[in-house]
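Here's target11.csv, which has CSV, C-alpha atoms:
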```csv
chain,number,residue,atom,x,y,z
V,1484,MET,CA,23.5,-19.7,-11.3
V,1485,THR,CA,23.7,-17.9,-14.6
V,1486,THR,CA,27.1,-16.7,-15.6
V,1487,THR,CA,26.8,-14.2,-18.4
V,1488,HIS,CA,29.2,-13.4,-21.2
V,1489,LEU,CA,29.9,-10.2,-19.3
V,1490,PRO,CA,32.7,-10.8,-16.8
V,1491,PHE,CA,31.5,-8.2,-14.4
V,1492,LEU,CA,28.0,-9.6,-14.1
V,1493,THR,CA,26.7,-12.8,-12.4
V,1494,ILE,CA,23.0,-13.6,-12.0
V,1495,ASP,CA,21.4,-16.1,-9.7
V,1496,ALA,CA,17.9,-16.1,-11.1
V,1497,ALA,CA,16.6,-18.6,-8.5
V,1498,SER,CA,17.4,-16.4,-5.6
V,1499,ARG,CA,17.2,-13.1,-7.6
V,1500,ARG,CA,20.8,-12.2,-6.5
V,1501,VAL,CA,23.0,-10.3,-8.8
V,1502,SER,CA,26.7,-9.4,-8.6
V,1503,LEU,CA,27.5,-6.4,-10.7
V,1504,ASP,CA,30.5,-4.1,-10.5
V,1505,GLY,CA,28.9,-0.7,-11.1
V,1506,ARG,CA,32.4,0.9,-11.3
V,1507,ASN,CA,33.5,-1.2,-14.2
V,1508,PRO,CA,34.0,1.0,-17.2
V,1509,ASP,CA,32.6,-1.6,-19.5
V,1510,PHE,CA,29.4,-1.4,-17.6
V,1511,TYR,CA,28.9,2.3,-17.3
V,1512,ARG,CA,30.1,3.0,-20.8
V,1513,ASP,CA,27.3,0.8,-22.2
V,1514,PRO,CA,24.9,-0.5,-19.6
V,1515,ASN,CA,22.2,-1.6,-22.1
V,1516,PRO,CA,23.6,-5.1,-22.5
V,1517,VAL,CA,23.4,-5.6,-18.8
V,1518,TYR,CA,19.8,-4.4,-18.7
V,1519,ALA,CA,19.0,-6.9,-21.5
V,1520,ALA,CA,20.5,-9.7,-19.4
V,1521,LEU,CA,18.6,-8.6,-16.3
V,1522,HIS,CA,15.3,-8.5,-18.3
V,1523,ALA,CA,16.0,-12.0,-19.6
V,1524,HIS,CA,16.9,-13.6,-16.3
V,1525,CYS,CA,16.1,-11.4,-13.3
V,1526,PRO,CA,14.2,-8.1,-13.8
V,1527,THR,CA,13.7,-7.7,-10.0
V,1528,PHE,CA,17.0,-8.4,-8.2
V,1529,TRP,CA,19.0,-7.9,-5.0
V,1530,TRP,CA,22.2,-6.1,-6.1
V,1531,GLU,CA,24.9,-7.7,-3.8
V,1532,GLU,CA,27.4,-4.8,-4.0
V,1533,GLN,CA,24.8,-2.1,-3.3
V,1534,LYS,CA,22.9,-4.2,-0.7
V,1535,GLN,CA,19.5,-3.2,-2.1
V,1536,TRP,CA,16.6,-4.3,-4.2
V,1537,TYR,CA,16.3,-3.0,-7.8
V,1538,PHE,CA,13.5,-3.0,-10.2
V,1539,THR,CA,13.9,-2.9,-14.0
V,1540,GLY,CA,10.5,-4.0,-15.4
V,1541,TYR,CA,8.6,-1.2,-17.0
V,1542,ASP,CA,5.3,-1.9,-15.2
V,1543,HIS,CA,7.0,-2.3,-11.8
V,1544,VAL,CA,9.1,0.9,-12.3
V,1545,ASN,CA,6.1,2.9,-13.5
V,1546,GLY,CA,4.0,1.6,-10.7
V,1547,LEU,CA,6.6,2.3,-8.0
V,1548,LEU,CA,7.1,5.9,-9.2
V,1549,ARG,CA,3.4,6.4,-8.5
V,1550,ASP,CA,3.0,4.3,-5.4
V,1551,ARG,CA,2.3,6.4,-2.4
V,1552,ARG,CA,3.4,3.6,0.0
V,1553,PHE,CA,7.0,4.6,-1.1
V,1554,GLY,CA,8.6,8.1,-0.7
V,1555,ARG,CA,11.7,10.0,-1.3
V,1556,GLN,CA,12.1,10.8,2.5
V,1557,ILE,CA,11.5,8.6,5.5
V,1558,LEU,CA,12.4,10.8,8.6
V,1559,HIS,CA,8.9,12.4,8.4
V,1560,VAL,CA,7.4,9.1,9.5
V,1561,ALA,CA,10.2,7.5,11.6
V,1562,THR,CA,13.3,8.5,13.6
V,1563,ARG,CA,16.9,7.6,12.8
V,1564,GLU,CA,17.0,5.5,15.9
V,1565,GLU,CA,13.9,3.5,14.9
V,1566,LEU,CA,15.4,2.8,11.5
V,1567,GLY,CA,19.0,2.2,12.6
V,1568,MET,CA,20.1,5.1,10.4
V,1569,PRO,CA,23.5,6.7,11.1
V,1570,GLU,CA,23.7,10.3,12.1
V,1571,PRO,CA,24.5,13.0,9.5
V,1572,GLN,CA,28.2,13.4,8.8
V,1573,ASP,CA,29.7,16.7,9.6
V,1574,HIS,CA,32.0,16.9,6.6
V,1575,VAL,CA,29.0,17.0,4.2
V,1576,ARG,CA,26.8,19.4,6.3
V,1577,HIS,CA,26.7,22.1,3.6
V,1578,PHE,CA,25.6,19.5,1.0
V,1579,ASP,CA,22.9,18.2,3.4
V,1580,ALA,CA,21.7,21.7,4.1
V,1581,ALA,CA,21.4,22.4,0.4
V,1582,GLU,CA,19.5,19.2,-0.1
V,1583,ALA,CA,17.2,19.7,2.9
V,1584,TRP,CA,14.4,21.3,1.0
V,1585,SER,CA,15.1,19.9,-2.5
V,1586,LEU,CA,12.0,19.1,-4.5
V,1587,LEU,CA,13.6,15.8,-5.4
V,1588,GLU,CA,13.9,14.8,-1.7
V,1589,LEU,CA,10.5,15.9,-0.3
V,1590,GLU,CA,7.1,14.4,0.2
V,1591,PRO,CA,3.7,16.1,0.6
V,1592,PRO,CA,2.7,18.5,2.0
V,1593,GLU,CA,6.1,20.3,1.7
V,1594,HIS,CA,6.7,18.9,-1.8
V,1595,THR,CA,3.2,20.1,-2.9
V,1596,ARG,CA,3.8,23.6,-1.5
V,1597,LEU,CA,7.2,24.1,-3.1
V,1598,ARG,CA,6.3,22.5,-6.5
V,1599,THR,CA,3.1,24.6,-6.7
V,1600,LEU,CA,5.2,27.8,-6.5
V,1601,VAL,CA,7.6,26.9,-9.3
V,1602,ASN,CA,5.3,24.8,-11.5
V,1603,ARG,CA,3.8,27.8,-13.3
V,1604,ALA,CA,7.1,28.6,-15.0
V,1605,PHE,CA,7.5,25.1,-16.4
V,1606,VAL,CA,4.1,24.4,-18.0
V,1607,SER,CA,4.2,23.8,-21.7
V,1608,ARG,CA,2.5,27.1,-22.8
V,1609,MET,CA,5.1,29.1,-20.8
V,1610,ILE,CA,8.0,27.0,-22.1
V,1611,GLU,CA,7.0,27.3,-25.7
V,1612,ARG,CA,7.5,31.0,-25.6
V,1613,LEU,CA,11.2,30.3,-25.2
V,1614,THR,CA,11.5,28.8,-28.7
V,1615,PRO,CA,13.1,31.9,-30.3
V,1616,GLU,CA,15.6,32.3,-27.5
V,1617,ILE,CA,16.6,28.6,-27.6
V,1618,THR,CA,16.9,28.8,-31.4
V,1619,ASP,CA,19.2,31.9,-31.2
V,1620,LEU,CA,21.4,30.3,-28.5
V,1621,CYS,CA,21.9,27.2,-30.7
V,1622,ASN,CA,22.8,29.2,-33.8
V,1623,GLN,CA,25.1,31.5,-31.9
V,1624,ALA,CA,27.0,28.5,-30.5
V,1625,ILE,CA,27.3,26.9,-33.9
V,1626,ASP,CA,28.4,30.2,-35.4
V,1627,ARG,CA,31.5,30.1,-33.1
V,1628,PHE,CA,32.8,26.8,-34.4
V,1629,GLU,CA,31.1,26.0,-37.8
V,1630,LYS,CA,34.1,27.2,-39.8
V,1631,ASP,CA,36.5,24.9,-37.9
V,1632,GLY,CA,35.2,21.7,-39.3
V,1633,ARG,CA,35.8,20.0,-35.9
V,1634,VAL,CA,34.3,20.5,-32.4
V,1635,GLU,CA,34.1,19.0,-29.0
V,1636,LEU,CA,30.4,19.1,-28.7
V,1637,LEU,CA,29.9,19.1,-24.9
V,1638,THR,CA,31.9,22.2,-24.1
V,1639,ALA,CA,31.1,24.1,-27.3
V,1640,PHE,CA,27.4,23.4,-27.6
V,1641,ALA,CA,25.7,20.9,-25.1
V,1642,ASP,CA,26.9,22.6,-22.0
V,1643,ILE,CA,25.9,26.1,-23.1
V,1644,LEU,CA,22.3,25.8,-24.1
V,1645,PRO,CA,20.6,24.2,-21.0
V,1646,VAL,CA,22.6,26.0,-18.4
V,1647,THR,CA,22.1,29.4,-20.0
V,1648,MET,CA,18.3,28.8,-20.4
V,1649,ILE,CA,17.7,27.6,-16.9
V,1650,ALA,CA,19.9,30.4,-15.4
V,1651,ARG,CA,18.0,33.0,-17.4
V,1652,MET,CA,14.6,31.6,-16.3
V,1653,ILE,CA,15.7,31.8,-12.6
V,1654,GLY,CA,17.4,35.1,-13.0
V,1655,ILE,CA,21.1,34.2,-13.0
V,1656,PRO,CA,23.4,36.1,-15.4
V,1657,ASP,CA,24.8,34.3,-18.4
V,1658,ASP,CA,28.4,34.8,-17.4
V,1659,MET,CA,27.8,32.6,-14.3
V,1660,GLY,CA,27.3,29.6,-16.6
V,1661,PRO,CA,30.8,28.1,-16.4
V,1662,GLN,CA,30.8,28.4,-12.6
V,1663,LEU,CA,27.3,26.8,-12.3
V,1664,LEU,CA,28.7,23.9,-14.4
V,1665,LYS,CA,31.7,23.5,-12.0
V,1666,TRP,CA,29.5,23.5,-8.9
V,1667,SER,CA,27.0,21.1,-10.5
V,1668,HIS,CA,29.6,18.6,-11.7
V,1669,ALA,CA,31.2,18.5,-8.2
V,1670,TYR,CA,27.7,18.3,-6.6
V,1671,VAL,CA,26.4,15.3,-8.5
V,1672,ARG,CA,29.4,13.1,-7.8
V,1673,MET,CA,27.7,12.6,-4.4
V,1674,TYR,CA,25.3,10.2,-6.3
V,1675,MET,CA,27.9,7.9,-7.9
V,1676,PHE,CA,28.8,4.4,-6.7
V,1677,GLY,CA,32.0,4.2,-4.8
V,1678,ARG,CA,32.3,7.9,-4.2
V,1679,THR,CA,35.4,8.8,-2.2
V,1680,ARG,CA,35.8,11.2,0.8
V,1681,GLU,CA,37.5,13.6,-1.7
V,1682,ASP,CA,34.4,13.5,-3.8
V,1683,GLU,CA,32.3,14.2,-0.7
V,1684,LEU,CA,34.5,17.1,0.4
V,1685,ALA,CA,34.4,18.6,-3.1
V,1686,ALA,CA,30.6,18.3,-3.2
V,1687,ASP,CA,30.3,19.9,0.2
V,1688,LYS,CA,32.5,22.8,-0.9
V,1689,ALA,CA,30.5,23.3,-4.0
V,1690,ALA,CA,27.3,23.2,-2.0
V,1691,GLN,CA,28.6,25.9,0.4
V,1692,GLU,CA,29.8,28.2,-2.4
V,1693,PHE,CA,26.6,27.6,-4.5
V,1694,SER,CA,24.4,28.3,-1.5
V,1695,ASP,CA,26.3,31.5,-0.6
V,1696,TYR,CA,26.0,32.7,-4.2
V,1697,VAL,CA,22.2,32.0,-4.3
V,1698,ARG,CA,21.8,33.6,-0.9
V,1699,GLY,CA,23.2,36.8,-2.3
V,1700,VAL,CA,20.9,36.8,-5.4
V,1701,ILE,CA,17.9,36.2,-3.1
V,1702,ALA,CA,18.8,39.3,-1.1
V,1703,GLU,CA,19.0,41.3,-4.4
V,1704,ARG,CA,15.6,40.0,-5.5
V,1705,ARG,CA,14.0,40.8,-2.1
V,1706,ALA,CA,15.2,44.4,-2.5
V,1707,GLU,CA,14.5,44.7,-6.2
V,1708,PRO,CA,12.2,42.1,-7.8
V,1709,ARG,CA,12.6,41.3,-11.5
V,1710,ASP,CA,10.6,39.4,-14.0
V,1711,ASP,CA,12.2,36.0,-13.2
V,1712,LEU,CA,11.4,32.8,-11.4
V,1713,LEU,CA,13.5,33.6,-8.3
V,1714,SER,CA,11.7,36.9,-7.8
V,1715,HIS,CA,8.4,35.0,-8.1
V,1716,MET,CA,9.5,32.4,-5.5
V,1717,VAL,CA,10.8,35.1,-3.1
V,1718,HIS,CA,7.6,37.3,-3.2
V,1719,THR,CA,4.7,34.8,-3.8
V,1720,GLU,CA,2.8,33.4,-0.9
V,1721,HIS,CA,1.3,30.0,-0.7
V,1722,LYS,CA,-1.6,29.8,1.7
V,1723,GLY,CA,-0.3,32.9,3.4
V,1724,GLN,CA,3.3,31.7,3.7
V,1725,LEU,CA,6.4,32.9,1.9
V,1726,LEU,CA,9.3,30.5,1.3
V,1727,THR,CA,12.1,30.6,3.9
V,1728,GLU,CA,15.6,31.4,2.8
V,1729,ASP,CA,16.6,27.7,3.2
V,1730,GLU,CA,13.7,26.6,1.1
V,1731,LEU,CA,14.6,29.2,-1.6
V,1732,ILE,CA,18.2,28.1,-1.6
V,1733,SER,CA,17.4,24.4,-1.9
V,1734,THR,CA,14.8,25.0,-4.6
V,1735,THR,CA,17.0,27.2,-6.7
V,1736,ILE,CA,20.0,24.8,-6.5
V,1737,VAL,CA,17.9,21.8,-7.5
V,1738,LEU,CA,16.3,23.8,-10.4
V,1739,LEU,CA,19.7,24.9,-11.7
V,1740,ASN,CA,21.2,21.4,-11.4
V,1741,ALA,CA,18.3,19.4,-12.7
V,1742,GLY,CA,17.5,22.1,-15.2
V,1743,HIS,CA,20.7,21.5,-17.2
V,1744,GLU,CA,22.6,18.4,-16.0
V,1745,ALA,CA,20.4,15.8,-17.6
V,1746,THR,CA,19.8,17.8,-20.8
V,1747,VAL,CA,23.6,18.3,-21.3
V,1748,HIS,CA,24.0,14.5,-21.1
V,1749,GLN,CA,21.0,13.9,-23.3
V,1750,ILE,CA,22.2,16.2,-26.1
V,1751,GLY,CA,25.5,14.3,-26.2
V,1752,ASN,CA,23.8,10.9,-25.9
V,1753,ALA,CA,21.3,11.7,-28.7
V,1754,VAL,CA,24.0,12.9,-31.1
V,1755,ARG,CA,26.1,9.8,-30.3
V,1756,THR,CA,23.1,7.5,-30.8
V,1757,ILE,CA,22.1,9.0,-34.1
V,1758,LEU,CA,25.6,8.9,-35.5
V,1759,GLU,CA,26.5,5.4,-34.3
V,1760,ASN,CA,23.3,4.1,-35.9
V,1761,ASP,CA,24.0,5.8,-39.2
V,1762,ALA,CA,20.6,7.3,-39.1
V,1763,ASP,CA,19.5,9.8,-41.8
V,1764,PRO,CA,19.1,13.2,-40.2
V,1765,ALA,CA,16.8,14.3,-43.1
V,1766,ALA,CA,14.3,11.6,-42.1
V,1767,LEU,CA,14.8,12.0,-38.4
V,1768,PHE,CA,14.0,15.7,-38.5
V,1769,ALA,CA,11.8,15.8,-41.5
V,1770,ASP,CA,9.0,17.6,-39.6
V,1771,ALA,CA,7.9,18.4,-36.1
V,1772,LYS,CA,6.3,14.9,-35.6
V,1773,ALA,CA,9.4,13.1,-36.9
V,1774,THR,CA,11.6,15.2,-34.7
V,1775,GLU,CA,9.5,14.6,-31.6
V,1776,ARG,CA,9.6,10.8,-32.1
V,1777,THR,CA,13.4,10.9,-32.7
V,1778,VAL,CA,13.9,12.8,-29.5
V,1779,GLU,CA,11.7,10.4,-27.5
V,1780,GLU,CA,13.5,7.4,-29.0
V,1781,CYS,CA,16.9,8.9,-28.0
V,1782,LEU,CA,15.5,9.5,-24.5
V,1783,ARG,CA,14.3,5.8,-24.4
V,1784,ILE,CA,17.5,4.1,-25.6
V,1785,SER,CA,20.1,6.4,-24.0
V,1786,ALA,CA,18.4,8.0,-20.9
V,1787,PRO,CA,20.6,10.5,-19.0
V,1788,VAL,CA,19.4,9.5,-15.5
V,1789,HIS,CA,19.4,5.8,-14.6
V,1790,ILE,CA,18.5,5.4,-11.0
V,1791,PHE,CA,15.8,6.8,-8.8
V,1792,GLN,CA,15.5,5.6,-5.2
V,1793,ARG,CA,12.7,5.6,-2.6
V,1794,TYR,CA,11.9,4.4,0.9
V,1795,ALA,CA,9.1,2.1,1.9
V,1796,LEU,CA,6.9,4.3,4.1
V,1797,GLU,CA,5.2,1.2,5.5
V,1798,ASP,CA,5.5,-2.6,5.5
V,1799,VAL,CA,4.6,-3.6,1.9
V,1800,GLU,CA,5.0,-6.6,-0.4
V,1801,LEU,CA,5.9,-6.0,-4.0
V,1802,ASP,CA,6.7,-8.7,-6.7
V,1803,GLY,CA,6.9,-11.3,-3.9
V,1804,ILE,CA,9.4,-9.3,-1.9
V,1805,GLN,CA,8.5,-8.1,1.6
V,1806,PHE,CA,9.8,-4.6,2.4
V,1807,ARG,CA,9.8,-3.2,5.9
V,1808,ARG,CA,9.2,0.5,6.7
V,1809,GLY,CA,12.5,2.3,6.0
V,1810,ASP,CA,13.9,-0.1,3.5
V,1811,LYS,CA,15.3,1.5,0.4
V,1812,VAL,CA,14.3,0.4,-3.1
V,1813,ALA,CA,15.7,1.5,-6.4
V,1814,MET,CA,14.2,1.8,-9.9
V,1815,ILE,CA,16.4,1.7,-13.0
V,1816,LEU,CA,14.6,4.1,-15.3
V,1817,ALA,CA,16.9,3.4,-18.2
V,1818,ALA,CA,16.4,-0.4,-17.9
V,1819,ALA,CA,12.6,0.0,-17.8
V,1820,ASN,CA,12.9,1.8,-21.1
V,1821,LEU,CA,14.4,-1.4,-22.5
V,1822,ASP,CA,11.8,-3.8,-21.2
V,1823,PRO,CA,11.0,-6.3,-24.1
V,1824,LYS,CA,7.5,-6.7,-22.7
V,1825,LYS,CA,6.9,-3.0,-23.4
V,1826,PHE,CA,9.1,-2.2,-26.4
V,1827,SER,CA,9.8,-4.5,-29.4
V,1828,ASP,CA,13.4,-5.2,-30.2
V,1829,PRO,CA,14.3,-2.8,-27.3
V,1830,LEU,CA,18.0,-2.4,-28.0
V,1831,ALA,CA,17.4,-1.2,-31.5
V,1832,PHE,CA,17.2,2.5,-32.3
V,1833,LYS,CA,13.9,3.0,-34.2
V,1834,ALA,CA,13.3,6.7,-34.7
V,1835,ASP,CA,9.7,6.2,-35.8
V,1836,ARG,CA,8.9,4.0,-32.8
V,1837,ASP,CA,5.4,4.6,-31.3
V,1838,GLU,CA,5.0,2.1,-28.5
V,1839,GLY,CA,4.2,4.3,-25.5
V,1840,ALA,CA,6.0,6.7,-23.1
V,1841,ASN,CA,9.5,6.2,-21.9
V,1842,LEU,CA,10.3,6.7,-18.2
V,1843,SER,CA,13.3,8.9,-18.6
V,1844,PHE,CA,11.7,11.8,-16.8
V,1845,GLY,CA,10.1,9.6,-14.1
V,1846,ALA,CA,6.4,9.6,-13.2
V,1847,GLY,CA,4.1,10.4,-10.4
V,1848,ILE,CA,4.5,13.5,-8.1
V,1849,HIS,CA,8.3,13.6,-8.8
V,1850,PHE,CA,7.9,13.6,-12.5
V,1851,CYS,CA,10.6,15.9,-13.8
V,1852,ILE,CA,9.3,19.5,-13.5
V,1853,GLY,CA,11.7,20.6,-16.2
V,1854,ALA,CA,10.6,17.9,-18.8
V,1855,PRO,CA,8.8,20.4,-21.1
V,1856,LEU,CA,11.9,22.6,-21.1
V,1857,ALA,CA,14.3,19.7,-21.8
V,1858,ARG,CA,12.1,18.3,-24.5
V,1859,LEU,CA,11.8,21.7,-26.2
V,1860,GLU,CA,15.6,22.2,-26.1
V,1861,LEU,CA,16.2,18.8,-27.6
V,1862,ASN,CA,13.5,19.3,-30.3
V,1863,ILE,CA,15.1,22.5,-31.3
V,1864,ALA,CA,18.9,21.8,-30.8
V,1865,LEU,CA,19.2,18.5,-32.6
V,1866,PRO,CA,17.6,19.5,-35.9
V,1867,ILE,CA,19.6,22.8,-36.0
V,1868,LEU,CA,22.8,20.9,-35.2
V,1869,PHE,CA,22.4,18.3,-38.0
V,1870,GLN,CA,21.0,20.8,-40.5
V,1871,ARG,CA,23.8,23.3,-40.1
V,1872,LEU,CA,26.6,20.7,-40.0
V,1873,PRO,CA,25.8,18.2,-42.8
V,1874,GLY,CA,28.1,15.2,-42.9
V,1875,LEU,CA,28.6,15.1,-39.1
V,1876,LYS,CA,30.8,12.3,-38.0
V,1877,ILE,CA,32.3,11.1,-34.7
V,1878,ALA,CA,36.1,11.9,-34.8
V,1879,LYS,CA,37.2,9.7,-32.0
V,1880,ALA,CA,35.8,7.3,-29.4
V,1881,PRO,CA,33.4,9.2,-27.0
V,1882,VAL,CA,34.6,9.7,-23.5
V,1883,VAL,CA,31.9,8.5,-21.1
V,1884,LYS,CA,31.5,10.0,-17.6
V,1885,ASP,CA,32.4,7.7,-14.8
V,1886,VAL,CA,29.2,8.4,-12.8
V,1887,TYR,CA,26.7,5.6,-13.1
V,1888,HIS,CA,23.5,7.2,-11.7
V,1889,PHE,CA,23.9,9.7,-14.6
V,1890,HIS,CA,24.7,8.5,-18.1
V,1891,GLY,CA,26.5,11.0,-20.2
V,1892,LEU,CA,29.7,12.0,-22.0
V,1893,GLU,CA,32.7,13.9,-20.9
V,1894,ALA,CA,33.7,14.6,-24.5
V,1895,LEU,CA,32.3,13.9,-28.0
V,1896,GLU,CA,34.6,15.1,-30.8
V,1897,LEU,CA,32.9,15.6,-34.1
V,1898,THR,CA,34.0,16.5,-37.7
V,1899,TRP,CA,32.0,17.5,-40.8
```
Go through the file and emit its structure as structure tokens.
Amino acid sequence: MTTTHLPFLTIDAASRRVSLDGRNPDFYRDPNPVYAALHAHCPTFWWEEQKQWYFTGYDHVNGLLRDRRFGRQILHVATREELGMPEPQDHVRHFDAAEAWSLLELEPPEHTRLRTLVNRAFVSRMIERLTPEITDLCNQAIDRFEKDGRVELLTAFADILPVTMIARMIGIPDDMGPQLLKWSHAYVRMYMFGRTREDELAADKAAQEFSDYVRGVIAERRAEPRDDLLSHMVHTEHKGQLLTEDELISTTIVLLNAGHEATVHQIGNAVRTILENDADPAALFADAKATERTVEECLRISAPVHIFQRYALEDVELDGIQFRRGDKVAMILAAANLDPKKFSDPLAFKADRDEGANLSFGAGIHFCIGAPLARLELNIALPILFQRLPGLKIAKAPVVKDVYHFHGLEALELTW
């Protein structure tokens, strides 16, 4: 038995059993020391509280993300009865309906069909055209608070850029941004450890309202198509088929949520990382290459999404563990980014690091479709922020969100 210096973490390396309180603020505020301990003693482990196997090693996580013996859904190959899976709960039926055709939850051929329809909008050459618009949004946001000498970054800057850009791409008006954020924040609490029934009811209400709103916009685009992604999805056939309304709703919601939630977190995480490490912005953003490496290092060391789960689609052995069809496994993407076998001195922020790709956007067929957009936003927003606000400092301790699957800030007060 290995008792760590962290009071909320106990590791039994021999049996690969780990006890870890995922709701402990000292853990979710800074999970990296826990990941370091896991890499040192037990990179593949059974998490007692979650009753599931977790993988943290870079090679295992990277391999699992691409392994077609595992999938995001299971009911396409087995019944609930066969798997001993409980029936859906009525109080989250609207949430379940909104998730039913989510790109994040599907496997081929449905996943291929839906992703093919939306992928065109997110390829790099299409995304790069948004550079002037992203630049303008960043400058306009800073214009509103630059004279104040103090700002809460999340509400005044980080929230605005990603939600506005993804909404515009899809065809949602800018003034819906605050409402989209409210729905999204309630929605994603379904993924946190120890969620309450109140969390579930709030998420279900958000899903119902979100779906009703999207349904109305779909009807408008059916009647009057525009030059936006939603019109494209409504009117474009794939192998002679149009998307159903349910498919359109799920796809639109996942694009709106995934298209901003992680990027909001990452802007806050990156600014915090840079400032807490006393890094020199002039060097970090000296040119496009330096900026790109800085952004990737921030993504590596302070990833916005930590866990991605999959089902074993067949009986399979991995790292000496026998999984049965229907077993759930989890990969900790943020921990894989800190694997000392892949990255030297992994807990250190090295802006010029060039040791291979991080896994913050996943890999395989579920690689984040919005990665080119998120990367472009970060590569534009961070240099502008630090160039326009020289002498940027953290004014008070950052407030970290209490949602473990996602790692981000509630508030980051800055002065300059």
Report as JSON lines the residues of stretch 1783-1854 of chain V within 7 Å of stretch 1557-1561 of chain V, each with its shortest atom pair and distance in Å (one decimal), using all atoms listed in the file, ordered by chain and increasing residue number.
```
{"residue": "V:Tyr1794", "atom": "CA", "partner": "V:Ile1557", "partner_atom": "CA", "distance": 6.2}
{"residue": "V:Leu1796", "atom": "CA", "partner": "V:Ile1557", "partner_atom": "CA", "distance": 6.5}
{"residue": "V:Gly1809", "atom": "CA", "partner": "V:Ile1557", "partner_atom": "CA", "distance": 6.4}
```
Polymer residues at most 12 Å from (17.3, 18.9, 1.1) by only C-alpha atoms, as an mmCIF file with C-alpha atoms, in the coordinates of the input:
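That gives us part02.cif:
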```cif
data_model
loop_
_atom_site.group_PDB
_atom_site.id
_atom_site.type_symbol
_atom_site.label_atom_id
_atom_site.label_comp_id
_atom_site.auth_asym_id
_atom_site.auth_seq_id
_atom_site.Cartn_x
_atom_site.Cartn_y
_atom_site.Cartn_z
ATOM 1 C CA ARG V 1555 11.700 10.000 -1.300
ATOM 2 C CA GLN V 1556 12.100 10.800 2.500
ATOM 3 C CA ARG V 1576 26.800 19.400 6.300
ATOM 4 C CA HIS V 1577 26.700 22.100 3.600
ATOM 5 C CA PHE V 1578 25.600 19.500 1.000
ATOM 6 C CA ASP V 1579 22.900 18.200 3.400
ATOM 7 C CA ALA V 1580 21.700 21.700 4.100
ATOM 8 C CA ALA V 1581 21.400 22.400 0.400
ATOM 9 C CA GLU V 1582 19.500 19.200 -0.100
ATOM 10 C CA ALA V 1583 17.200 19.700 2.900
ATOM 11 C CA TRP V 1584 14.400 21.300 1.000
ATOM 12 C CA SER V 1585 15.100 19.900 -2.500
ATOM 13 C CA LEU V 1586 12.000 19.100 -4.500
ATOM 14 C CA LEU V 1587 13.600 15.800 -5.400
ATOM 15 C CA GLU V 1588 13.900 14.800 -1.700
ATOM 16 C CA LEU V 1589 10.500 15.900 -0.300
ATOM 17 C CA GLU V 1590 7.100 14.400 0.200
ATOM 18 C CA GLU V 1593 6.100 20.300 1.700
ATOM 19 C CA HIS V 1594 6.700 18.900 -1.800
ATOM 20 C CA ALA V 1690 27.300 23.200 -2.000
ATOM 21 C CA ASP V 1729 16.600 27.700 3.200
ATOM 22 C CA GLU V 1730 13.700 26.600 1.100
ATOM 23 C CA LEU V 1731 14.600 29.200 -1.600
ATOM 24 C CA ILE V 1732 18.200 28.100 -1.600
ATOM 25 C CA SER V 1733 17.400 24.400 -1.900
ATOM 26 C CA THR V 1734 14.800 25.000 -4.600
ATOM 27 C CA THR V 1735 17.000 27.200 -6.700
ATOM 28 C CA ILE V 1736 20.000 24.800 -6.500
ATOM 29 C CA VAL V 1737 17.900 21.800 -7.500
#
```
List the spatial neighbours of stretch 1599-1612 of chain V as a ChimeraX atom specification - criterion: any atom at most 8 Å away, all atoms listed in the file, same-chain residues fewer than 3 positions off excluded. /V:1595-1596,1615,1712,1716,1719,1721,1852-1853,1855-1856,1859
Limited to C-alpha atoms, could you put the picked residues into a file as an mmCIF file, in the coordinates of the input?
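What landed in again.cif:
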```cif
data_model
loop_
_atom_site.group_PDB
_atom_site.id
_atom_site.type_symbol
_atom_site.label_atom_id
_atom_site.label_comp_id
_atom_site.auth_asym_id
_atom_site.auth_seq_id
_atom_site.Cartn_x
_atom_site.Cartn_y
_atom_site.Cartn_z
ATOM 1 C CA THR V 1595 3.200 20.100 -2.900
ATOM 2 C CA ARG V 1596 3.800 23.600 -1.500
ATOM 3 C CA PRO V 1615 13.100 31.900 -30.300
ATOM 4 C CA LEU V 1712 11.400 32.800 -11.400
ATOM 5 C CA MET V 1716 9.500 32.400 -5.500
ATOM 6 C CA THR V 1719 4.700 34.800 -3.800
ATOM 7 C CA HIS V 1721 1.300 30.000 -0.700
ATOM 8 C CA ILE V 1852 9.300 19.500 -13.500
ATOM 9 C CA GLY V 1853 11.700 20.600 -16.200
ATOM 10 C CA PRO V 1855 8.800 20.400 -21.100
ATOM 11 C CA LEU V 1856 11.900 22.600 -21.100
ATOM 12 C CA LEU V 1859 11.800 21.700 -26.200
#
```
One number please: atom CA of V:Lys1630 to atom CA of V:Lys1879, in Å, one decimal.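 Interatomic distance here is 19.4 Å.
Between V:Gln1623 and the residues V:Ala1766, V:Ile1867, V:Leu1782, V:Leu1821, the shortest atom-to-atom distance, using all atoms listed in the file, involves V:Ile1867.
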To one decimal in Å, tell me the separation between atom CA of V:Thr1647 and atom CA of V:Glu1759.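 These atoms are spaced 28.3 Å apart.
Residues lying within 12 Å of V:Glu1616, counting all atoms listed in the file and ignoring same-chain neighbours fewer than 2 positions away, are Ile1610, Glu1611, Arg1612, Leu1613, Thr1614, Thr1618, Asp1619, Leu1620, Cys1621, Asn1622, Gln1623, Leu1644, Pro1645, Thr1647, Met1648, Ile1649, Arg1651, Met1652, Leu1859, Glu1860, Ile1863 and Ala1864 of chain V.
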Rank V:Asn1862, V:Ser1694, V:Ser1714, V:Ser1827 by their smallest atom-to-atom distance to V:Thr1777, using all atoms listed in the file, and report the top residue only.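 Checking each candidate against V:Thr1777, we get V:Asn1862 as the closest.
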